[in-house]
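Everything below belongs to input_1.tsv, which stores TSV, C-alpha atoms and all ligand atoms.
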chain	number	residue	atom	x	y	z
A	1	MET	CA	51.13	102.30	56.21
A	2	GLU	CA	52.58	100.66	59.28
A	3	ASN	CA	54.76	97.61	58.52
A	4	LEU	CA	53.84	94.21	59.99
A	5	SER	CA	55.85	91.14	60.86
A	6	LEU	CA	55.31	87.43	61.21
A	7	ASN	CA	57.76	85.77	63.60
A	8	ILE	CA	57.42	82.01	63.90
A	9	VAL	CA	59.57	78.87	64.12
A	10	THR	CA	59.72	78.46	60.33
A	11	GLY	CA	61.20	81.95	60.05
A	12	ARG	CA	60.52	85.64	60.27
A	13	SER	CA	58.87	87.67	57.52
A	14	GLU	CA	58.65	91.43	57.41
A	15	ILE	CA	55.58	92.75	55.65
A	16	ILE	CA	56.56	96.09	54.23
A	17	PHE	CA	54.31	98.61	52.51
A	18	GLY	CA	55.51	101.06	49.88
A	19	TYR	CA	57.06	101.48	46.45
A	20	TYR	CA	58.52	98.07	45.63
A	21	SER	CA	61.73	99.16	43.95
A	22	GLU	CA	62.80	101.44	46.79
A	23	ARG	CA	61.95	98.82	49.41
A	24	LEU	CA	63.68	96.05	47.45
A	25	ASN	CA	66.87	98.05	46.96
A	26	PHE	CA	66.99	98.68	50.69
A	27	LEU	CA	66.29	95.04	51.64
A	28	SER	CA	68.61	93.44	49.08
A	29	LYS	CA	71.75	94.72	50.83
A	30	ASN	CA	73.73	94.47	47.58
A	31	ARG	CA	72.94	90.79	47.01
A	32	LYS	CA	72.55	89.58	43.41
A	33	ILE	CA	68.82	89.69	42.64
A	34	ILE	CA	66.99	87.42	40.20
A	35	VAL	CA	63.32	88.23	39.67
A	36	ILE	CA	60.82	85.51	38.78
A	37	CYS	CA	58.11	87.61	37.21
A	38	ASP	CA	54.60	87.22	35.91
A	39	LYS	CA	54.97	87.79	32.15
A	40	ASN	CA	51.88	90.05	32.03
A	41	VAL	CA	53.14	92.16	34.93
A	42	ASN	CA	56.57	92.47	33.32
A	43	GLU	CA	54.95	93.80	30.14
A	44	LEU	CA	52.91	96.34	32.12
A	45	TYR	CA	55.79	97.54	34.30
A	46	SER	CA	58.81	98.01	32.05
A	47	ASP	CA	61.06	99.19	34.90
A	48	ILE	CA	61.23	95.60	36.23
A	49	SER	CA	63.31	94.21	33.36
A	50	LYS	CA	65.24	97.48	33.08
A	51	ASN	CA	66.48	97.09	36.65
A	52	TYR	CA	66.75	93.34	37.29
A	53	SER	CA	67.59	89.96	35.70
A	54	VAL	CA	64.18	88.48	35.02
A	55	ILE	CA	62.80	84.99	34.45
A	56	ASN	CA	59.33	85.35	32.97
A	57	ILE	CA	56.57	82.92	33.87
A	58	THR	CA	53.06	82.67	32.44
A	59	ALA	CA	50.61	82.89	35.33
A	60	LEU	CA	48.43	79.93	34.48
A	61	GLU	CA	47.31	77.23	36.90
A	62	SER	CA	48.31	74.68	34.23
A	63	GLU	CA	51.87	76.07	34.36
A	64	LYS	CA	52.19	75.72	38.15
A	65	THR	CA	54.07	72.46	37.72
A	66	ILE	CA	57.28	70.59	38.51
A	67	GLN	CA	58.23	71.08	34.82
A	68	ILE	CA	58.17	74.87	35.24
A	69	VAL	CA	60.19	74.54	38.43
A	70	GLU	CA	62.80	72.55	36.46
A	71	GLN	CA	62.88	75.20	33.74
A	72	ILE	CA	63.47	77.87	36.38
A	73	TYR	CA	66.33	75.81	37.90
A	74	ILE	CA	67.96	75.70	34.43
A	75	LYS	CA	67.57	79.47	33.97
A	76	LEU	CA	68.97	80.09	37.46
A	77	LEU	CA	72.08	78.11	36.50
A	78	GLU	CA	72.36	80.09	33.24
A	79	LEU	CA	72.06	83.34	35.20
A	80	LYS	CA	74.81	82.05	37.53
A	81	ALA	CA	72.71	82.10	40.68
A	82	ASP	CA	74.70	81.09	43.73
A	83	ARG	CA	73.91	80.45	47.38
A	84	SER	CA	73.83	84.17	48.16
A	85	THR	CA	71.42	85.07	45.34
A	86	LEU	CA	68.19	86.71	46.43
A	87	LEU	CA	65.15	85.41	44.54
A	88	VAL	CA	62.28	87.84	44.14
A	89	ALA	CA	58.77	86.95	43.01
A	90	ILE	CA	56.77	89.68	41.28
A	91	GLY	CA	53.28	88.49	40.44
A	92	GLY	CA	50.12	86.96	41.83
A	93	GLY	CA	49.66	83.79	43.87
A	94	ILE	CA	50.85	81.51	41.07
A	95	ILE	CA	54.22	83.26	40.78
A	96	CYS	CA	54.61	83.61	44.58
A	97	ASP	CA	53.82	79.90	45.12
A	98	ILE	CA	56.24	78.72	42.40
A	99	THR	CA	59.02	81.10	43.45
A	100	GLY	CA	58.69	80.16	47.12
A	101	TYR	CA	59.08	76.50	46.16
A	102	VAL	CA	62.05	77.15	43.88
A	103	ALA	CA	63.70	79.22	46.62
A	104	ALA	CA	63.13	76.49	49.21
A	105	THR	CA	64.72	73.80	47.05
A	106	PHE	CA	67.43	75.38	44.86
A	107	TYR	CA	70.83	75.09	46.57
A	108	ARG	CA	68.75	73.66	49.45
A	109	GLY	CA	67.37	77.09	50.16
A	110	LEU	CA	67.80	80.61	48.79
A	111	SER	CA	66.49	83.79	50.39
A	112	VAL	CA	63.28	84.98	48.83
A	113	ILE	CA	61.23	88.18	48.84
A	114	LEU	CA	57.67	88.14	47.55
A	115	ILE	CA	56.11	91.14	45.83
A	116	PRO	CA	52.46	90.22	45.33
A	117	THR	CA	50.72	92.09	42.50
A	118	THR	CA	47.15	90.84	42.92
A	119	LEU	CA	44.80	91.65	45.78
A	120	LEU	CA	44.45	87.93	46.52
A	121	ALA	CA	48.19	87.45	46.80
A	122	MET	CA	48.57	90.59	48.97
A	123	VAL	CA	46.05	89.46	51.58
A	124	ASP	CA	46.49	85.73	51.35
A	125	ALA	CA	48.80	83.79	49.00
A	126	SER	CA	52.00	85.66	49.89
A	127	ILE	CA	51.42	85.46	53.65
A	128	GLY	CA	52.16	82.38	55.73
A	129	GLY	CA	54.97	80.62	53.86
A	130	LYS	CA	52.93	77.94	52.13
A	131	ASN	CA	54.17	77.38	48.63
A	132	GLY	CA	54.28	74.67	46.03
A	133	VAL	CA	52.95	73.39	42.74
A	134	ASN	CA	50.16	71.24	41.35
A	135	PHE	CA	50.92	67.63	40.45
A	136	ASN	CA	49.04	65.07	38.44
A	137	GLY	CA	45.78	67.03	38.61
A	138	ASN	CA	46.10	67.67	42.37
A	139	LYS	CA	46.26	71.26	43.51
A	140	ASN	CA	49.27	72.47	45.55
A	141	ILE	CA	50.10	68.86	46.46
A	142	VAL	CA	53.90	69.26	46.24
A	143	GLY	CA	55.38	71.99	48.39
A	144	VAL	CA	56.91	73.16	51.63
A	145	ILE	CA	56.14	75.61	54.41
A	146	ARG	CA	58.93	78.19	54.57
A	147	GLN	CA	58.73	81.89	55.30
A	148	PRO	CA	59.99	84.46	52.80
A	149	GLU	CA	62.43	87.01	54.15
A	150	ALA	CA	60.00	89.80	53.35
A	151	ILE	CA	56.78	90.58	51.54
A	152	ILE	CA	56.54	93.98	49.90
A	153	ILE	CA	53.01	95.26	49.43
A	154	ASP	CA	52.95	97.92	46.72
A	155	THR	CA	49.33	98.82	46.06
A	156	THR	CA	50.19	100.70	42.86
A	157	PHE	CA	50.16	97.26	41.15
A	158	LEU	CA	46.42	97.07	41.83
A	159	LYS	CA	45.79	99.91	39.33
A	160	THR	CA	46.27	97.53	36.40
A	161	LEU	CA	44.58	94.52	37.98
A	162	PRO	CA	41.57	93.42	35.89
A	163	PRO	CA	38.24	93.76	37.80
A	164	GLU	CA	37.71	89.99	37.72
A	165	GLU	CA	41.05	89.46	39.45
A	166	PHE	CA	40.18	92.13	42.01
A	167	LYS	CA	37.03	90.14	42.75
A	168	ASN	CA	39.16	87.06	43.47
A	169	GLY	CA	40.92	89.04	46.19
A	170	ILE	CA	37.58	90.14	47.59
A	171	ALA	CA	36.62	86.46	47.96
A	172	GLU	CA	39.61	85.84	50.25
A	173	ILE	CA	38.96	89.09	52.15
A	174	ILE	CA	35.39	87.84	52.68
A	175	LYS	CA	36.78	84.53	53.92
A	176	HIS	CA	38.97	86.36	56.44
A	177	SER	CA	35.98	88.41	57.58
A	178	ILE	CA	33.83	85.28	58.06
A	179	ILE	CA	36.63	83.65	60.06
A	180	SER	CA	37.27	86.70	62.25
A	181	GLY	CA	33.71	88.03	62.59
A	182	GLY	CA	33.39	91.20	64.70
A	183	GLU	CA	34.66	94.56	63.51
A	184	PHE	CA	36.28	93.28	60.33
A	185	TYR	CA	33.14	91.43	59.26
A	186	ASN	CA	31.10	94.60	59.82
A	187	LEU	CA	33.59	96.61	57.78
A	188	ILE	CA	33.26	94.20	54.83
A	189	LEU	CA	29.48	93.89	55.06
A	190	ASN	CA	27.87	95.87	52.21
A	191	ASN	CA	31.04	97.91	51.65
A	192	ALA	CA	30.21	99.80	48.44
A	193	GLU	CA	33.72	101.28	48.20
A	194	LEU	CA	35.38	97.84	48.23
A	195	LYS	CA	32.79	96.55	45.77
A	196	SER	CA	33.69	99.41	43.41
A	197	GLY	CA	37.34	98.37	43.41
A	198	ILE	CA	38.85	100.57	46.11
A	199	VAL	CA	40.63	98.76	48.90
A	200	SER	CA	41.32	100.94	51.93
A	201	GLU	CA	44.52	100.69	53.98
A	202	ASN	CA	42.42	99.61	56.93
A	203	ILE	CA	40.94	96.65	55.02
A	204	LEU	CA	44.31	95.61	53.59
A	205	GLN	CA	46.12	95.74	56.92
A	206	SER	CA	43.30	94.05	58.86
A	207	ALA	CA	42.97	91.24	56.31
A	208	ILE	CA	46.74	90.61	56.41
A	209	ASN	CA	46.74	90.77	60.21
A	210	ILE	CA	44.01	88.14	60.48
A	211	LYS	CA	46.06	85.76	58.36
A	212	ILE	CA	49.27	86.54	60.29
A	213	ASN	CA	47.62	85.85	63.65
A	214	ILE	CA	46.19	82.53	62.53
A	215	VAL	CA	49.45	81.41	60.91
A	216	ALA	CA	51.47	82.46	63.98
A	217	SER	CA	49.29	80.37	66.25
A	218	ASP	CA	49.58	77.23	64.12
A	219	VAL	CA	52.63	77.24	61.86
A	220	ASN	CA	52.37	73.70	60.53
A	221	GLU	CA	48.64	73.60	60.01
A	222	LYS	CA	47.94	71.11	62.77
A	223	GLY	CA	45.00	72.96	64.25
A	224	LEU	CA	43.69	76.52	64.01
A	225	ARG	CA	45.29	77.23	60.62
A	226	LYS	CA	42.94	74.71	59.08
A	227	VAL	CA	40.15	77.30	59.44
A	228	LEU	CA	41.85	79.22	56.61
A	229	ASN	CA	40.76	76.34	54.40
A	230	PHE	CA	37.13	77.33	54.84
A	231	GLY	CA	35.60	76.78	51.40
A	232	HIS	CA	38.85	75.38	50.00
A	233	THR	CA	38.26	71.61	50.04
A	234	LEU	CA	35.46	71.92	47.50
A	235	GLY	CA	36.78	75.20	46.08
A	236	HIS	CA	40.06	73.63	44.95
A	237	ILE	CA	38.23	70.84	43.12
A	238	ILE	CA	35.94	73.38	41.43
A	239	GLU	CA	38.90	75.62	40.51
A	240	LEU	CA	40.74	72.76	38.79
A	241	LYS	CA	37.86	70.84	37.25
A	242	GLN	CA	35.60	73.77	36.28
A	243	GLY	CA	38.60	75.83	35.25
A	244	ILE	CA	37.52	79.01	37.06
A	245	SER	CA	39.62	81.42	39.10
A	246	HIS	CA	40.66	80.67	42.69
A	247	GLY	CA	38.52	83.40	44.26
A	248	LYS	CA	35.33	82.46	42.43
A	249	ALA	CA	35.86	78.78	43.22
A	250	ILE	CA	36.46	79.58	46.90
A	251	ALA	CA	33.28	81.68	46.98
A	252	ILE	CA	31.32	78.66	45.72
A	253	GLY	CA	33.23	76.42	48.15
A	254	MET	CA	32.31	78.71	51.09
A	255	MET	CA	28.65	78.70	50.09
A	256	MET	CA	28.61	74.91	49.77
A	257	SER	CA	30.43	74.52	53.10
A	258	ALA	CA	27.83	76.70	54.82
A	259	ILE	CA	25.00	74.60	53.34
A	260	ILE	CA	26.80	71.42	54.46
A	261	SER	CA	27.33	72.92	57.95
A	262	ALA	CA	23.60	73.65	58.25
A	263	HIS	CA	22.82	70.13	57.02
A	264	PHE	CA	24.92	68.72	59.90
A	265	ASN	CA	23.26	71.16	62.35
A	266	LYS	CA	26.51	73.03	62.96
A	267	CYS	CA	25.06	76.39	61.91
A	268	SER	CA	21.67	77.96	61.43
A	269	LYS	CA	19.90	78.75	58.17
A	270	LYS	CA	20.44	82.44	59.08
A	271	THR	CA	24.23	81.95	58.87
A	272	VAL	CA	23.82	80.34	55.44
A	273	GLU	CA	21.75	83.35	54.34
A	274	GLU	CA	24.33	85.79	55.73
A	275	ILE	CA	27.04	84.12	53.67
A	276	TYR	CA	24.85	84.04	50.58
A	277	ASN	CA	24.08	87.77	50.97
A	278	LEU	CA	27.72	88.67	51.51
A	279	LEU	CA	28.95	86.75	48.45
A	280	THR	CA	26.17	87.92	46.13
A	281	PHE	CA	26.60	91.56	47.26
A	282	TYR	CA	30.10	91.37	45.75
A	283	ASN	CA	28.74	89.56	42.66
A	284	LEU	CA	30.61	86.38	43.50
A	285	PRO	CA	29.24	83.04	42.29
A	286	VAL	CA	27.58	80.70	44.81
A	287	LYS	CA	26.94	77.65	42.64
A	288	SER	CA	29.19	75.45	40.53
A	289	SER	CA	28.25	74.42	37.01
A	290	LEU	CA	29.83	71.02	37.71
A	291	ASP	CA	27.68	68.05	38.54
A	292	ILE	CA	28.01	67.19	42.26
A	293	ALA	CA	29.00	63.61	41.30
A	294	GLU	CA	31.97	65.10	39.44
A	295	ILE	CA	33.01	67.12	42.52
A	296	VAL	CA	32.71	64.31	45.11
A	297	LYS	CA	34.83	62.00	42.94
A	298	TYR	CA	37.90	64.14	43.69
A	299	LEU	CA	37.42	64.36	47.47
A	300	ASN	CA	39.62	61.29	47.78
A	301	SER	CA	42.69	63.19	46.65
A	302	ASP	CA	42.32	66.07	49.12
A	303	LYS	CA	45.57	66.90	50.94
A	304	LYS	CA	43.74	67.44	54.21
A	305	LYS	CA	42.87	63.80	54.69
A	306	ASP	CA	44.32	61.28	57.13
A	307	ALA	CA	43.57	57.70	56.07
A	308	GLU	CA	39.86	57.79	55.21
A	309	LEU	CA	39.13	60.91	57.30
A	310	LEU	CA	38.95	64.30	55.67
A	311	HIS	CA	39.43	67.44	57.78
A	312	PHE	CA	36.43	69.41	56.67
A	313	VAL	CA	36.01	73.03	57.69
A	314	PHE	CA	32.54	73.86	58.98
A	315	ILE	CA	30.99	77.12	60.10
A	316	LYS	CA	29.10	77.45	63.37
A	317	ASN	CA	28.56	81.20	63.20
A	318	ILE	CA	30.13	84.22	61.60
A	319	GLY	CA	33.45	84.41	63.49
A	320	GLU	CA	33.25	80.76	64.59
A	321	ILE	CA	34.86	78.31	62.19
A	322	MET	CA	35.76	74.75	63.16
A	323	HIS	CA	37.22	71.65	61.54
A	324	GLU	CA	36.37	68.05	62.10
A	325	GLY	CA	37.51	64.72	60.70
A	326	ILE	CA	34.75	63.18	58.62
A	327	SER	CA	34.67	59.89	56.74
A	328	ILE	CA	35.19	60.62	53.05
A	329	ASN	CA	32.74	57.95	52.03
A	330	PHE	CA	30.08	59.33	54.34
A	331	LEU	CA	30.70	62.93	53.18
A	332	GLN	CA	30.53	61.89	49.53
A	333	ASN	CA	27.13	60.25	50.06
A	334	GLU	CA	25.80	63.23	52.03
A	335	LEU	CA	26.96	65.70	49.35
A	336	LEU	CA	25.22	63.66	46.65
A	337	GLU	CA	22.06	63.92	48.75
A	338	ILE	CA	22.34	67.64	49.69
A	339	PHE	CA	23.17	68.98	46.21
A	340	LYS	CA	21.18	66.50	44.09
B	401	LIG	N1	50.23	79.89	49.23
B	401	LIG	C1	49.05	80.18	49.72
B	401	LIG	O1	48.85	80.26	50.94
B	401	LIG	C2	47.94	80.50	48.74
B	401	LIG	C3	46.74	81.07	49.21
B	401	LIG	C4	45.75	81.41	48.28
B	401	LIG	C5	45.95	81.16	46.93
B	401	LIG	N2	47.12	80.59	46.51
B	401	LIG	C6	47.34	80.33	45.08
B	401	LIG	O2	47.32	81.56	44.38
B	401	LIG	C7	46.99	81.30	43.01
B	401	LIG	C8	46.05	82.38	42.52
B	401	LIG	O3	46.75	83.58	42.59
B	401	LIG	P1	46.15	85.03	42.21
B	401	LIG	O4	44.70	85.00	42.23
B	401	LIG	O5	46.91	86.00	43.02
B	401	LIG	O6	46.56	85.32	40.73
B	401	LIG	P2	47.38	84.67	39.55
B	401	LIG	O7	48.79	84.56	39.92
B	401	LIG	O8	46.64	83.48	39.10
B	401	LIG	O9	47.20	85.84	38.46
B	401	LIG	C9	45.94	86.14	37.95
B	401	LIG	C10	46.03	86.97	36.69
B	401	LIG	O10	46.30	88.33	37.01
B	401	LIG	C11	47.41	88.81	36.24
B	401	LIG	N3	48.04	89.83	37.06
B	401	LIG	C12	48.73	89.66	38.22
B	401	LIG	N4	49.04	90.86	38.73
B	401	LIG	C13	48.59	91.81	37.87
B	401	LIG	C14	48.61	93.22	37.87
B	401	LIG	N5	49.11	93.93	38.87
B	401	LIG	N6	48.07	93.86	36.80
B	401	LIG	C15	47.50	93.16	35.80
B	401	LIG	N7	47.42	91.82	35.76
B	401	LIG	C16	47.96	91.16	36.79
B	401	LIG	C17	48.21	87.57	35.97
B	401	LIG	O11	49.03	87.72	34.85
B	401	LIG	C18	47.12	86.53	35.72
B	401	LIG	O12	46.63	86.64	34.42
B	401	LIG	C19	46.44	79.90	42.96
B	401	LIG	O13	47.37	79.05	42.35
B	401	LIG	C20	46.27	79.52	44.43
B	401	LIG	O14	46.45	78.14	44.67
B	401	LIG	C21	48.10	80.27	47.39
Show me the file's structure as structure tokens.
Amino acid sequence: MENLSLNIVTGRSEIIFGYYSERLNFLSKNRKIIVICDKNVNELYSDISKNYSVINITALESEKTIQIVEQIYIKLLELKADRSTLLVAIGGGIICDITGYVAATFYRGLSVILIPTTLLAMVDASIGGKNGVNFNGNKNIVGVIRQPEAIIIDTTFLKTLPPEEFKNGIAEIIKHSIISGGEFYNLILNNAELKSGIVSENILQSAINIKINIVASDVNEKGLRKVLNFGHTLGHIIELKQGISHGKAIAIGMMMSAIISAHFNKCSKKTVEEIYNLLTFYNLPVKSSLDIAEIVKYLNSDKKKDAELLHFVFIKNIGEIMHEGISINFLQNELLEIFK
């Protein structure tokens, strides 16, 4: 597969496809490597701890905390990390997010390479330099934007990925297809191969490219990049409070956002149906088991708010996503009405 690159003011990342160990050995240029690894992945791939110093992390949302970051700092000192040490994340979005944050802060910044092992992390979480941890019940509220030196995409990791986790990745691929519309949307529409768990090179590269192009045009999330949050404002609340996976929560968030968009006359009922059909084709959930009153309560702590305005991401059409500041109070009341 052809390599890609993201070159922006916060840094340059190479996105390299191939066998991770070979690629890592080439990129490390004899630097001392410390791997921060998903414990499950380390157990499945014994060559990781044979070849590298490893700090194991349990990939749980409840472990994506400042406390874990502190524990990693302590282990890095024990392993005698210095300013030239190369940190490497091997795992899904949780490990990539934590490692990116540790790398940005330890010794005021270590080089980092991400090796995503889930489909979601390959097409989304590892790309764009956003990283951080949850704090006090708020998702990803502490973090920085900083590009990793490289991202190595080794699709052999997907062979052991549980089907439910694969589905989480599909949810983000669907999000990218709704944002981009056009050819990529048509490719994802009713794609039986993808549904059965096979992700083609074309889909992988296109999904990554869509994210790269959006990130490159708005590094600090002041404008266009906000469209990547389609489904995320509500999805993040559902993920944390309902305790379901990121992808499933985002699928529900996208469905709710489409219904809200239609309610505010931003999109047609047909667009809502298209999104419903797309999500249900891939057996993704479209409704939360949480009471809407429970969901709206947490809108106040959303990161994307300025004063009392929340930057909500609406859909106008497939391929046409927009964001708009909306009064939190007003949105809360409307949501209680729409989803009563
Ligand atoms: N930084 C960003 O831009 C961004 C974007 C999207 C999501 N995220 C974050 O990503 C996280 C979700 O990440 P995720 O869905 O990639 O997964 P994850 O890190 O939560 O891992 C999911 C599960 O899959 C297992 N696993 C990982 N790779 C495996 C493999 N190859 N074989 C077998 N099992 C494997 C893990 O051990 C874990 O049990 C959330 O915390 C979310 O906030 C960040």
Would you kindly return, as a count of residues only, each protein, DNA or RNA residue with an atom no farther than 12 Å from any atom of Lys297 of chain A, considering all atoms listed in the file and excluding same-chain residues fewer than 3 positions away? 19
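If you count all atoms listed in the file and ignore residues fewer than 4 places along the chain from segment 88-97 of chain A, what sits within 6 Å of it is A:Val35, A:Ile36, A:Cys37, A:Asp38, A:Ala59, A:Val112, A:Ile113, A:Leu114, A:Ile115, A:Pro116, A:Thr117, A:Thr118, A:Ala121, A:Ala125, A:Asn131, A:Gly132.
If all atoms listed in the file are the atoms counted, then among A:Ile15, A:Val286, A:Val133, A:Val102 the closest residue to ligand LIG 401 (chain B) is A:Val133.
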Atom pair atom CA of Lys167 of chain A / atom CA of Ser180 of chain A: separation (Å): 19.8 Å
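Restricting the calculation to only C-alpha atoms and all ligand atoms, the smallest distance between ligand LIG 401 (chain B) and any of A:Ile214, A:Met255, A:Leu60, A:Ala207 is found for A:Leu60.
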Please put the answer as lines of an AutoDock Vina configuration file: centre and edge lengths, in Å with one decimal, of a box along x, y and z that encloses all listed atoms of ligand LIG 401 (chain B) plus 6 Å on each side.
center_x = 47.5
center_y = 86.0
center_z = 42.7
size_x = 17.5
size_y = 27.8
size_z = 28.5
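Minimum distance to Asn283 of chain A across A:Ala192, A:Glu308, A:Ile208, A:Glu201 (counting only C-alpha atoms) occurs at A:Ala192.
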Please provide as a VMD selection string all residues within 12 Å of Phe230 of chain A, with the sequence filter that same-chain residues fewer than 4 positions apart are discarded (counting all atoms listed in the file). chain A and resid 171 to 172 174 to 180 224 to 226 234 to 236 249 to 258 260 to 261 304 311 to 316 318 to 324
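Closest approach to ligand LIG 401 (chain B) from the set A:Leu79, A:Ile244, A:Ile8, A:Leu194 is made by A:Ile244, with distances taken over only C-alpha atoms and all ligand atoms.
Minimum distance to ligand LIG 401 (chain B) across A:Gly243, A:Pro162, A:Gly181, A:Pro148 (counting all atoms listed in the file) occurs at A:Pro162.
Among A:Phe330, A:Asn317, A:Glu239, A:Lys75, the residue with the shortest atom-to-atom distance to Cys267 of chain A, counting only C-alpha atoms, is A:Asn317.
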For segment 16-25 of chain A, find every residue with an atom within 7 Å (counting all atoms listed in the file), except residues of its own chain fewer than 3 positions away, and show them as a list in words. Met1, Asn3, Leu4, Ser28, Ile151, Ile152, Ile153 and Asp154 of chain A
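A straight line drawn from atom CA of Ile98 of chain A to atom CA of Leu309 of chain A is 28.8 Å long.
Rounded to one decimal, atom C5 of ligand LIG 401 (chain B) and atom CA of Leu120 of chain A lie 6.9 Å from each other.
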N, CA and C atoms restored at segment 311-327 of chain A, emitted as a CSV table (one decimal), in the frame of the given file:
chain,number,residue,atom,x,y,z
A,311,HIS,N,39.6,66.4,56.8
A,311,HIS,CA,39.4,67.4,57.8
A,311,HIS,C,38.6,68.5,57.1
A,312,PHE,N,37.3,68.5,57.3
A,312,PHE,CA,36.4,69.4,56.7
A,312,PHE,C,36.2,70.6,57.6
A,313,VAL,N,36.2,71.8,56.9
A,313,VAL,CA,36.0,73.0,57.7
A,313,VAL,C,34.6,73.5,57.7
A,314,PHE,N,33.9,73.5,58.8
A,314,PHE,CA,32.5,73.9,59.0
A,314,PHE,C,32.4,75.3,59.6
A,315,ILE,N,31.2,75.8,59.4
A,315,ILE,CA,31.0,77.1,60.1
A,315,ILE,C,29.9,76.9,61.2
A,316,LYS,N,30.1,77.5,62.3
A,316,LYS,CA,29.1,77.4,63.4
A,316,LYS,C,28.3,78.8,63.4
A,317,ASN,N,29.1,79.8,63.2
A,317,ASN,CA,28.6,81.2,63.2
A,317,ASN,C,29.5,82.1,62.5
A,318,ILE,N,29.1,83.3,62.1
A,318,ILE,CA,30.1,84.2,61.6
A,318,ILE,C,31.1,84.4,62.7
A,319,GLY,N,32.4,84.3,62.5
A,319,GLY,CA,33.4,84.4,63.5
A,319,GLY,C,33.7,83.1,64.3
A,320,GLU,N,33.0,82.0,63.9
A,320,GLU,CA,33.2,80.8,64.6
A,320,GLU,C,33.4,79.6,63.6
A,321,ILE,N,34.6,79.3,63.2
A,321,ILE,CA,34.9,78.3,62.2
A,321,ILE,C,35.5,77.1,62.9
A,322,MET,N,35.2,75.9,62.5
A,322,MET,CA,35.8,74.8,63.2
A,322,MET,C,36.1,73.7,62.1
A,323,HIS,N,37.0,72.8,62.5
A,323,HIS,CA,37.2,71.6,61.5
A,323,HIS,C,37.0,70.3,62.3
A,324,GLU,N,36.7,69.3,61.5
A,324,GLU,CA,36.4,68.0,62.1
A,324,GLU,C,36.7,67.0,61.1
A,325,GLY,N,37.3,65.9,61.6
A,325,GLY,CA,37.5,64.7,60.7
A,325,GLY,C,36.2,64.1,60.3
A,326,ILE,N,36.0,63.8,59.1
A,326,ILE,CA,34.8,63.2,58.6
A,326,ILE,C,35.1,62.1,57.6
A,327,SER,N,34.4,61.0,57.7
A,327,SER,CA,34.7,59.9,56.7
A,327,SER,C,34.4,60.4,55.3
